[in-house]
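**Student:** To be precise about what I am sending: the file is called start35.tsv and holds TSV, C-alpha atoms and all ligand atoms.
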```tsv
chain	number	residue	atom	x	y	z
Z	1	MET	CA	0.26	-23.63	0.27
Z	2	THR	CA	-2.61	-24.38	2.62
Z	3	ALA	CA	-5.82	-22.39	2.72
Z	4	ILE	CA	-4.79	-21.17	6.18
Z	5	ASP	CA	-1.48	-19.80	4.89
Z	6	LYS	CA	-3.28	-18.03	2.07
Z	7	LYS	CA	-5.77	-16.53	4.47
Z	8	ALA	CA	-2.91	-15.25	6.60
Z	9	LEU	CA	-1.25	-13.67	3.56
Z	10	ILE	CA	-4.49	-11.93	2.65
Z	11	GLU	CA	-4.93	-10.63	6.18
Z	12	GLU	CA	-1.32	-9.44	6.18
Z	13	ARG	CA	-1.87	-7.58	2.91
Z	14	VAL	CA	-4.95	-5.82	4.22
Z	15	ASN	CA	-3.04	-4.88	7.37
Z	16	SER	CA	-0.02	-3.47	5.60
Z	17	GLY	CA	-2.12	-1.74	2.91
Z	18	LEU	CA	-3.31	-2.65	-0.56
Z	19	LEU	CA	-0.82	-2.32	-3.37
Z	20	GLY	CA	-1.82	-0.88	-6.72
Z	21	HIS	CA	-3.20	2.27	-5.10
Z	22	TRP	CA	-2.59	5.99	-5.06
Z	23	TYR	CA	-2.03	7.26	-1.53
Z	24	PRO	CA	-1.72	10.82	-0.25
Z	25	VAL	CA	1.59	10.95	1.61
Z	26	ALA	CA	2.38	14.60	2.30
Z	27	LYS	CA	1.12	18.14	2.00
Z	28	SER	CA	2.30	19.86	-1.18
Z	29	VAL	CA	4.02	22.61	0.81
Z	30	GLU	CA	6.19	20.03	2.59
Z	31	VAL	CA	7.89	19.00	-0.64
Z	32	LYS	CA	10.35	21.61	-1.79
Z	33	THR	CA	12.97	22.26	-4.47
Z	34	SER	CA	15.54	23.06	-1.80
Z	35	ARG	CA	15.60	19.94	0.35
Z	36	PRO	CA	14.32	16.36	0.39
Z	37	HIS	CA	11.34	15.21	2.41
Z	38	GLY	CA	11.20	11.68	3.81
Z	39	VAL	CA	7.89	9.84	4.27
Z	40	LYS	CA	6.82	6.28	4.90
Z	41	ALA	CA	3.93	4.51	3.22
Z	42	LEU	CA	3.00	0.83	3.43
Z	43	GLY	CA	6.16	0.20	5.39
Z	44	GLN	CA	8.38	1.62	2.64
Z	45	LYS	CA	10.59	4.62	3.22
Z	46	LEU	CA	10.32	7.11	0.39
Z	47	VAL	CA	12.00	10.41	-0.36
Z	48	LEU	CA	10.26	13.24	-2.17
Z	49	TRP	CA	11.60	16.43	-3.65
Z	50	ARG	CA	11.02	18.80	-6.55
Z	51	GLY	CA	13.03	19.59	-9.64
Z	52	ALA	CA	13.86	23.23	-10.39
Z	53	ASP	CA	10.61	23.47	-12.39
Z	54	GLY	CA	8.61	22.29	-9.39
Z	55	SER	CA	8.05	18.78	-10.78
Z	56	LEU	CA	7.73	16.11	-8.12
Z	57	LYS	CA	10.16	13.21	-7.71
Z	58	CYS	CA	9.79	10.16	-5.52
Z	59	ILE	CA	12.24	7.30	-5.06
Z	60	GLU	CA	13.12	4.86	-2.28
Z	61	ASP	CA	14.73	6.60	0.65
Z	62	PHE	CA	17.81	4.42	0.32
Z	63	CYS	CA	21.19	5.37	-1.05
Z	64	PRO	CA	22.42	2.76	-3.55
Z	65	HIS	CA	25.95	3.03	-2.14
Z	66	ARG	CA	25.43	1.77	1.39
Z	67	GLY	CA	21.83	2.47	2.23
Z	68	ALA	CA	21.95	5.83	3.99
Z	69	PRO	CA	18.63	7.71	3.94
Z	70	LEU	CA	18.63	10.04	0.97
Z	71	SER	CA	16.15	12.22	2.84
Z	72	LEU	CA	19.10	13.42	4.94
Z	73	GLY	CA	20.86	14.56	1.78
Z	74	GLU	CA	20.60	17.61	-0.43
Z	75	VAL	CA	18.94	18.54	-3.67
Z	76	HIS	CA	21.49	19.36	-6.43
Z	77	GLU	CA	20.23	20.55	-9.80
Z	78	GLY	CA	17.04	18.53	-9.55
Z	79	ASN	CA	18.81	15.39	-8.29
Z	80	ILE	CA	19.41	14.20	-4.78
Z	81	GLY	CA	22.87	13.93	-3.25
Z	82	CYS	CA	23.52	11.54	-0.36
Z	83	ARG	CA	24.92	13.21	2.73
Z	84	TYR	CA	27.12	10.21	3.59
Z	85	HIS	CA	29.59	10.06	0.64
Z	86	GLY	CA	27.95	12.33	-1.93
Z	87	VAL	CA	26.49	9.85	-4.43
Z	88	VAL	CA	23.95	11.66	-6.63
Z	89	VAL	CA	20.73	9.92	-7.74
Z	90	ASP	CA	18.05	11.26	-10.08
Z	91	GLY	CA	14.27	11.10	-9.91
Z	92	GLU	CA	14.28	7.79	-11.82
Z	93	GLY	CA	16.51	6.17	-9.23
Z	94	VAL	CA	19.55	6.24	-11.55
Z	95	VAL	CA	23.01	7.02	-10.14
Z	96	VAL	CA	24.14	10.21	-11.84
Z	97	ARG	CA	27.49	10.76	-10.17
Z	98	VAL	CA	29.86	9.21	-7.66
Z	99	PRO	CA	31.92	12.28	-6.79
Z	100	ALA	CA	34.38	10.44	-4.55
Z	101	MET	CA	35.43	7.96	-7.26
Z	102	PRO	CA	36.27	8.94	-10.86
Z	103	GLU	CA	34.58	6.83	-13.56
Z	104	CYS	CA	32.81	4.67	-11.02
Z	105	ALA	CA	30.85	1.79	-12.59
Z	106	LEU	CA	27.79	2.71	-10.55
Z	107	GLU	CA	27.21	5.78	-12.72
Z	108	GLY	CA	24.29	5.35	-15.11
Z	109	ARG	CA	22.82	2.39	-13.24
Z	110	LYS	CA	19.20	2.30	-12.18
Z	111	ALA	CA	19.77	1.43	-8.57
Z	112	VAL	CA	16.64	2.19	-6.57
Z	113	LYS	CA	12.92	2.10	-7.24
Z	114	SER	CA	11.15	5.23	-8.40
Z	115	PHE	CA	7.46	5.96	-7.96
Z	116	HIS	CA	4.80	7.83	-9.88
Z	117	VAL	CA	3.89	10.95	-7.99
Z	118	THR	CA	1.40	13.75	-8.52
Z	119	GLU	CA	-0.34	16.44	-6.50
Z	120	HIS	CA	-3.83	17.79	-6.15
Z	121	SER	CA	-5.68	20.00	-3.69
Z	122	ASP	CA	-2.54	20.66	-1.63
Z	123	ALA	CA	-1.63	16.97	-1.23
Z	124	VAL	CA	1.06	14.81	-2.83
Z	125	PHE	CA	-0.12	11.38	-3.98
Z	126	VAL	CA	2.25	8.48	-4.64
Z	127	TYR	CA	1.37	5.35	-6.57
Z	128	ILE	CA	2.43	2.09	-4.92
Z	129	PRO	CA	2.39	-0.50	-7.72
Z	130	SER	CA	1.08	-4.05	-7.55
Z	131	LEU	CA	1.98	-7.05	-9.66
Z	132	SER	CA	-1.16	-6.84	-11.75
Z	133	ARG	CA	-1.21	-3.02	-11.84
Z	134	PRO	CA	2.41	-1.93	-12.23
Z	135	GLU	CA	1.41	1.28	-14.00
Z	136	PRO	CA	-0.90	3.72	-12.25
Z	137	PRO	CA	-4.52	4.04	-13.27
Z	138	GLU	CA	-5.94	7.53	-13.50
Z	139	LEU	CA	-6.18	9.11	-10.05
Z	140	VAL	CA	-9.91	9.60	-9.55
Z	141	LEU	CA	-10.56	12.36	-7.03
Z	142	PRO	CA	-13.69	13.35	-5.15
Z	143	ASP	CA	-15.85	15.97	-6.87
Z	144	GLU	CA	-15.38	18.26	-3.87
Z	145	LEU	CA	-11.67	18.48	-4.72
Z	146	THR	CA	-12.06	18.97	-8.45
Z	147	SER	CA	-15.01	21.33	-8.69
Z	148	ASP	CA	-14.63	25.08	-8.16
Z	149	ALA	CA	-17.91	25.20	-6.29
Z	150	TRP	CA	-16.18	23.88	-3.18
Z	151	THR	CA	-13.54	25.47	-1.05
Z	152	GLY	CA	-11.76	24.16	1.99
Z	153	PHE	CA	-8.68	23.21	3.91
Z	154	LEU	CA	-6.57	20.10	4.09
Z	155	CYS	CA	-5.58	18.87	7.50
Z	156	THR	CA	-3.34	15.88	8.12
Z	157	ALA	CA	-2.38	13.97	11.24
Z	158	VAL	CA	-0.31	10.93	12.11
Z	159	TRP	CA	-2.20	8.43	14.24
Z	160	GLU	CA	-0.44	5.61	16.05
Z	161	THR	CA	-2.90	3.01	14.90
Z	162	ASN	CA	-3.32	0.74	11.91
Z	163	TYR	CA	-5.07	2.60	9.08
Z	164	ARG	CA	-7.89	0.06	9.22
Z	165	TYR	CA	-9.10	1.52	12.50
Z	166	ALA	CA	-9.24	4.96	10.92
Z	167	ILE	CA	-11.28	3.51	8.04
Z	168	ASP	CA	-13.56	1.55	10.41
Z	169	ASN	CA	-14.11	4.75	12.37
Z	170	LEU	CA	-15.27	6.54	9.24
Z	171	ALA	CA	-17.63	3.68	8.36
Z	172	ASP	CA	-19.27	4.02	11.77
Z	173	PRO	CA	-21.48	7.13	12.00
Z	174	MET	CA	-22.97	5.97	15.30
Z	175	HIS	CA	-19.89	7.00	17.26
Z	176	GLY	CA	-20.59	10.68	16.49
Z	177	CYS	CA	-23.25	11.24	19.13
Z	178	TYR	CA	-21.24	9.35	21.79
Z	179	LEU	CA	-17.54	10.04	21.31
Z	180	HIS	CA	-18.09	13.59	20.13
Z	181	SER	CA	-21.12	14.42	22.26
Z	182	GLU	CA	-19.27	17.17	24.09
Z	183	SER	CA	-18.19	18.93	20.93
Z	184	PHE	CA	-19.53	22.11	19.41
Z	185	THR	CA	-20.85	20.71	16.14
Z	186	LEU	CA	-21.71	17.14	17.08
Z	187	ALA	CA	-23.67	17.50	20.29
Z	188	TYR	CA	-27.04	16.88	18.63
Z	189	GLY	CA	-29.20	13.93	17.72
Z	190	SER	CA	-30.52	10.79	19.36
Z	191	LYS	CA	-28.37	8.13	20.94
Z	192	GLN	CA	-30.28	5.16	19.60
Z	193	ASP	CA	-30.82	4.16	16.03
Z	194	LEU	CA	-30.44	1.55	13.33
Z	195	MET	CA	-28.07	1.65	10.38
Z	196	ARG	CA	-28.83	1.16	6.74
Z	197	LEU	CA	-26.39	0.33	4.00
Z	198	ASP	CA	-27.08	1.10	0.36
Z	199	LYS	CA	-24.95	0.23	-2.61
Z	200	THR	CA	-23.91	3.18	-4.74
Z	201	GLU	CA	-22.38	3.35	-8.21
Z	202	HIS	CA	-18.82	3.18	-6.88
Z	203	GLY	CA	-19.17	1.96	-3.33
Z	204	PHE	CA	-21.69	2.22	-0.56
Z	205	HIS	CA	-23.54	4.67	1.63
Z	206	ILE	CA	-23.96	3.92	5.32
Z	207	THR	CA	-26.54	5.98	7.16
Z	208	ARG	CA	-28.47	6.21	10.37
Z	209	VAL	CA	-32.09	5.32	9.75
Z	210	GLY	CA	-33.72	7.57	12.32
Z	211	GLN	CA	-32.01	10.87	11.70
Z	212	VAL	CA	-30.28	12.69	8.93
Z	213	GLY	CA	-28.98	16.21	9.24
Z	214	ASP	CA	-28.51	16.40	13.01
Z	215	ASN	CA	-25.05	14.99	13.49
Z	216	PHE	CA	-22.45	12.89	11.67
Z	217	ASP	CA	-25.23	10.68	10.30
Z	218	TRP	CA	-23.85	9.06	7.18
Z	219	THR	CA	-20.69	8.25	5.24
Z	220	ASP	CA	-20.22	7.56	1.58
Z	221	PHE	CA	-17.36	5.25	0.62
Z	222	VAL	CA	-16.04	5.48	-2.93
Z	223	PHE	CA	-13.83	2.91	-4.64
Z	224	HIS	CA	-12.17	3.25	-8.03
Z	225	PRO	CA	-9.35	1.13	-9.40
Z	226	GLY	CA	-6.34	2.31	-7.41
Z	227	THR	CA	-8.06	4.59	-4.94
Z	228	MET	CA	-10.44	4.66	-2.03
Z	229	PHE	CA	-11.85	7.65	-0.17
Z	230	CYS	CA	-14.95	8.62	1.73
Z	231	PHE	CA	-16.95	11.70	2.50
Z	232	LEU	CA	-19.40	12.71	5.16
Z	233	ASP	CA	-21.22	15.80	6.35
Z	234	ILE	CA	-20.98	17.61	9.64
Z	235	PRO	CA	-24.03	19.80	10.07
Z	236	TYR	CA	-23.35	23.28	11.32
Z	237	PRO	CA	-25.36	24.13	14.40
Z	238	PRO	CA	-27.22	27.47	14.30
Z	239	ALA	CA	-24.44	29.06	16.35
Z	240	ALA	CA	-21.99	28.53	13.49
Z	241	GLY	CA	-23.87	30.98	11.29
Z	242	PRO	CA	-25.78	30.51	8.05
Z	243	GLY	CA	-24.81	28.11	5.32
Z	244	GLY	CA	-24.78	24.44	4.51
Z	245	ASN	CA	-22.97	21.52	6.01
Z	246	MET	CA	-19.26	21.08	6.34
Z	247	ARG	CA	-18.19	18.21	4.16
Z	248	ILE	CA	-15.25	16.09	5.16
Z	249	VAL	CA	-13.37	14.16	2.49
Z	250	GLY	CA	-11.19	11.51	4.09
Z	251	TYR	CA	-8.27	9.25	3.20
Z	252	ALA	CA	-6.23	7.04	5.53
Z	253	THR	CA	-2.76	6.13	4.30
Z	254	PRO	CA	-1.05	3.11	5.87
Z	255	VAL	CA	2.36	4.24	7.14
Z	256	ASP	CA	3.23	0.88	8.64
Z	257	GLU	CA	1.27	-1.76	10.49
Z	258	THR	CA	0.83	0.35	13.60
Z	259	THR	CA	0.71	3.88	12.19
Z	260	CYS	CA	-1.36	5.73	9.64
Z	261	LYS	CA	-1.59	9.22	8.27
Z	262	VAL	CA	-5.04	10.68	7.85
Z	263	PHE	CA	-5.85	13.31	5.26
Z	264	PHE	CA	-9.06	15.22	5.81
Z	265	TRP	CA	-10.26	17.97	3.56
Z	266	ARG	CA	-12.79	20.19	5.31
Z	267	MET	CA	-14.88	21.53	2.46
Z	268	ARG	CA	-17.78	23.86	2.08
Z	269	LYS	CA	-19.89	24.73	-0.92
Z	270	VAL	CA	-19.97	28.50	-0.66
Z	271	GLU	CA	-19.47	31.12	-3.31
Z	272	GLY	CA	-18.90	34.84	-3.62
Z	273	LEU	CA	-18.48	36.88	-0.50
Z	274	ALA	CA	-19.67	34.05	1.73
Z	275	ARG	CA	-16.69	32.01	0.52
Z	276	ALA	CA	-14.11	34.49	1.73
Z	277	SER	CA	-15.91	35.07	4.99
Z	278	TRP	CA	-16.23	31.37	5.66
Z	279	ARG	CA	-12.53	30.85	4.98
Z	280	PHE	CA	-11.74	33.60	7.42
Z	281	LEU	CA	-14.20	32.33	10.04
Z	282	TYR	CA	-12.86	28.83	9.69
Z	283	ARG	CA	-9.27	29.83	10.31
Z	284	ALA	CA	-10.19	32.26	13.08
Z	285	ALA	CA	-12.69	30.21	15.06
Z	286	LEU	CA	-13.93	26.90	13.71
Z	287	GLU	CA	-10.71	25.10	12.90
Z	288	ASN	CA	-9.86	24.62	16.52
Z	289	ASN	CA	-13.17	22.85	17.22
Z	290	HIS	CA	-12.53	20.45	14.39
Z	291	TRP	CA	-9.08	19.65	15.68
Z	292	ASN	CA	-10.61	18.86	19.06
Z	293	VAL	CA	-13.04	16.42	17.46
Z	294	LEU	CA	-10.23	14.77	15.51
Z	295	GLU	CA	-8.23	14.43	18.70
Z	296	GLN	CA	-11.12	12.53	20.29
Z	297	ASP	CA	-10.97	10.06	17.40
Z	298	ARG	CA	-7.20	9.77	17.59
Z	299	VAL	CA	-7.08	9.12	21.33
Z	300	MET	CA	-9.83	6.50	21.12
Z	301	LEU	CA	-8.28	4.64	18.18
Z	302	GLU	CA	-4.75	4.77	19.57
Z	303	GLY	CA	-6.09	3.27	22.80
Z	304	MET	CA	-7.44	0.20	21.03
Z	305	PRO	CA	-5.11	-2.84	20.95
Z	306	ASP	CA	-3.75	-3.74	17.51
Z	307	ASP	CA	-5.54	-7.06	17.67
Z	308	ALA	CA	-8.89	-5.70	18.94
Z	309	ARG	CA	-10.39	-7.07	15.75
Z	310	ARG	CA	-9.90	-10.64	16.96
Z	311	ARG	CA	-12.05	-10.19	20.05
Z	312	GLU	CA	-14.70	-7.78	18.92
Z	313	MET	CA	-18.43	-8.53	18.97
Z	314	LEU	CA	-20.11	-6.57	16.21
Z	315	TYR	CA	-23.78	-5.64	16.15
Z	316	GLN	CA	-26.18	-4.13	13.65
Z	317	HIS	CA	-24.49	-0.71	13.66
Z	318	ASP	CA	-21.30	-2.21	12.30
Z	319	ILE	CA	-22.61	-3.09	8.84
Z	320	GLY	CA	-20.51	-0.29	7.32
Z	321	VAL	CA	-17.41	-1.54	9.13
Z	322	SER	CA	-18.06	-5.09	7.89
Z	323	ARG	CA	-18.63	-3.95	4.33
Z	324	VAL	CA	-15.47	-1.92	4.05
Z	325	ARG	CA	-13.44	-4.81	5.47
Z	326	GLN	CA	-15.04	-7.16	2.96
Z	327	ILE	CA	-14.07	-4.86	0.08
Z	328	LEU	CA	-10.46	-4.55	1.28
Z	329	THR	CA	-10.21	-8.29	1.81
Z	330	ARG	CA	-11.58	-9.06	-1.63
Z	331	GLU	CA	-8.97	-6.86	-3.28
Z	332	ALA	CA	-6.18	-8.25	-1.10
Z	333	LYS	CA	-7.25	-11.76	-2.11
Z	334	GLN	CA	-6.96	-10.89	-5.80
Z	335	GLN	CA	-3.47	-9.48	-5.22
Z	336	ILE	CA	-2.25	-12.48	-3.27
Z	337	GLU	CA	-3.68	-14.92	-5.80
Z	338	ALA	CA	-1.98	-13.09	-8.67
Z	339	GLU	CA	1.33	-13.17	-6.79
Z	340	LEU	CA	1.01	-16.85	-5.92
Z	341	ALA	CA	0.14	-17.66	-9.54
Z	342	GLN	CA	3.28	-15.90	-10.68
Z	343	VAL	CA	5.46	-17.78	-8.19
Z	344	ALA	CA	3.90	-21.05	-9.32
Z	345	ALA	CA	4.60	-20.21	-12.98
Z	346	GLU	CA	8.28	-19.55	-12.35
Z	401	LIG	S1	25.73	5.68	1.61
Z	401	LIG	FE1	25.14	7.24	0.28
Z	401	LIG	S2	26.96	7.87	-0.63
Z	401	LIG	FE2	27.57	6.31	0.71
Z	402	FE	FE	-15.15	10.75	14.91
```
In structure tokens, write the structure found in this file.
**Tutor:**
Amino acid sequence: MTAIDKKALIEERVNSGLLGHWYPVAKSVEVKTSRPHGVKALGQKLVLWRGADGSLKCIEDFCPHRGAPLSLGEVHEGNIGCRYHGVVVDGEGVVVRVPAMPECALEGRKAVKSFHVTEHSDAVFVYIPSLSRPEPPELVLPDELTSDAWTGFLCTAVWETNYRYAIDNLADPMHGCYLHSESFTLAYGSKQDLMRLDKTEHGFHITRVGQVGDNFDWTDFVFHPGTMFCFLDIPYPPAAGPGGNMRIVGYATPVDETTCKVFFWRMRKVEGLARASWRFLYRAALENNHWNVLEQDRVMLEGMPDDARRREMLYQHDIGVSRVRQILTREAKQQIEAELAQVAAE
């Protein structure tokens, strides 16, 4: 294999999404005991459902008989029954029953892949294994999602763009005062600045040099084995009432090469009475503003050509974008090298 081929494989891996990671794929409420829920992640179709005790199951959305989507089927006693000819598969991907054919040899066979799945903070996370990390590492979550001091809401959206653009967008605080300049919470701050990048214990912090606290001024990217997320603050203008910033915790899950699903938790550190009143205020008034801001991001990113990256001309403000790409590429390189080494050993 030439160096060029290897480079192309690495680029392809970054584009389709790193393996060996936990990805949020659905809201918890979407996955029920009564019917299956189909999703797509990293180009793979998956089906999710719950056993009678609420436990999550995730297998390929592919019936072992002739490939019909199991997500069109039904949940029977904790297993999933294909709508096409009734074959029943369990949460491990094993064929439990072939009702149309007595003593069918398919029964008892592990026929489709199953995936580790868990949920936290209203989201369902699925582990997509890699060659060197077939078993999932511990799912490390942001403090905002694990500590009781924070409260918030999960919002999700499907964007018709490669997940890398969603990540780049988060690593680029400078767009706040331009793209979102008409919005309620982001209309403040200067339009000229420099960016600074600092290494942190588990990633990096990208921040505007000239202002902090006026707008979307910084992002913190966090990397742990098998997961990547970021967080940022949106200052509340005086009109939004007393209290601290709104913190956004963000994930971008690759759906396929031209689509991603973003998961944003809108969190606030408020306790006591203020907590309940903020939750009410958010639902009643603020949520809509935040959707409008997110729509501005979506429209801009969806308008960019898939290959924009090949023609772009970066400048100083893009150091966060460059760093996150470097980190993804480094991990993709390790994955590709491990896979090539295995092929060579066979
Ligand atoms: S394709 Fe599923 S039972 Fe035939
Ligand atoms: Fe934005």
**Student:** Just want the residues within 12 Å of ligand FE 402 (chain Z), written as a PyMOL selection string, counting only C-alpha atoms and all ligand atoms.
**Tutor:** chain Z and resi 165-183+185-186+215-219+232-234+248+250+264+290-301
**Student:** List every residue of chain Z that has an atom at most 6 Å from any atom of ligand LIG 401 (chain Z), and for each one report the closest atom pair and its distance in Å to one decimal, counting all atoms listed in the file, with rows sorted by chain and then by increasing residue number, as CSV.
**Tutor:**
```
residue,atom,partner,partner_atom,distance
Z:Cys63,CA,Z:LIG401,FE1,4.6
Z:His65,CA,Z:LIG401,S1,4.6
Z:Arg66,CA,Z:LIG401,S1,3.9
Z:Gly67,CA,Z:LIG401,S1,5.1
Z:Ala68,CA,Z:LIG401,S1,4.5
Z:Cys82,CA,Z:LIG401,FE1,4.6
Z:Tyr84,CA,Z:LIG401,S2,4.8
Z:His85,CA,Z:LIG401,S2,3.7
Z:Gly86,CA,Z:LIG401,S2,4.7
Z:Val87,CA,Z:LIG401,S2,4.3
```
**Student:** Per residue of region 165-275 of chain Z within 10 Å of region 3-16 of chain Z, which atom pair is closest and at what distance in Å (one decimal), using all atoms listed in the file, listed by chain and increasing number, as CSV?
**Tutor:**
```
residue,atom,partner,partner_atom,distance
Z:Pro254,CA,Z:Ser16,CA,6.7
Z:Val255,CA,Z:Ser16,CA,8.2
Z:Asp256,CA,Z:Ser16,CA,6.2
Z:Glu257,CA,Z:Ser16,CA,5.3
Z:Thr258,CA,Z:Ser16,CA,8.9
Z:Thr259,CA,Z:Ser16,CA,9.9
```
**Student:** Please return as a ChimeraX atom specification every residue within 12 Å of (4.6, 7.7, -10.2), taking into account only C-alpha atoms and the file's own coordinates.
**Tutor:** /Z:20-23,48,55-60,91-92,113-119,124-129,134-139
**Student:** My list of candidates is Z:Leu281, Z:Ala111, Z:Val31, Z:Leu131. Which is closest to Gln335 (chain Z) when distances are computed with only C-alpha atoms?
**Tutor:**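 Among the listed residues, the smallest separation from Gln335 (chain Z) belongs to Z:Leu131.
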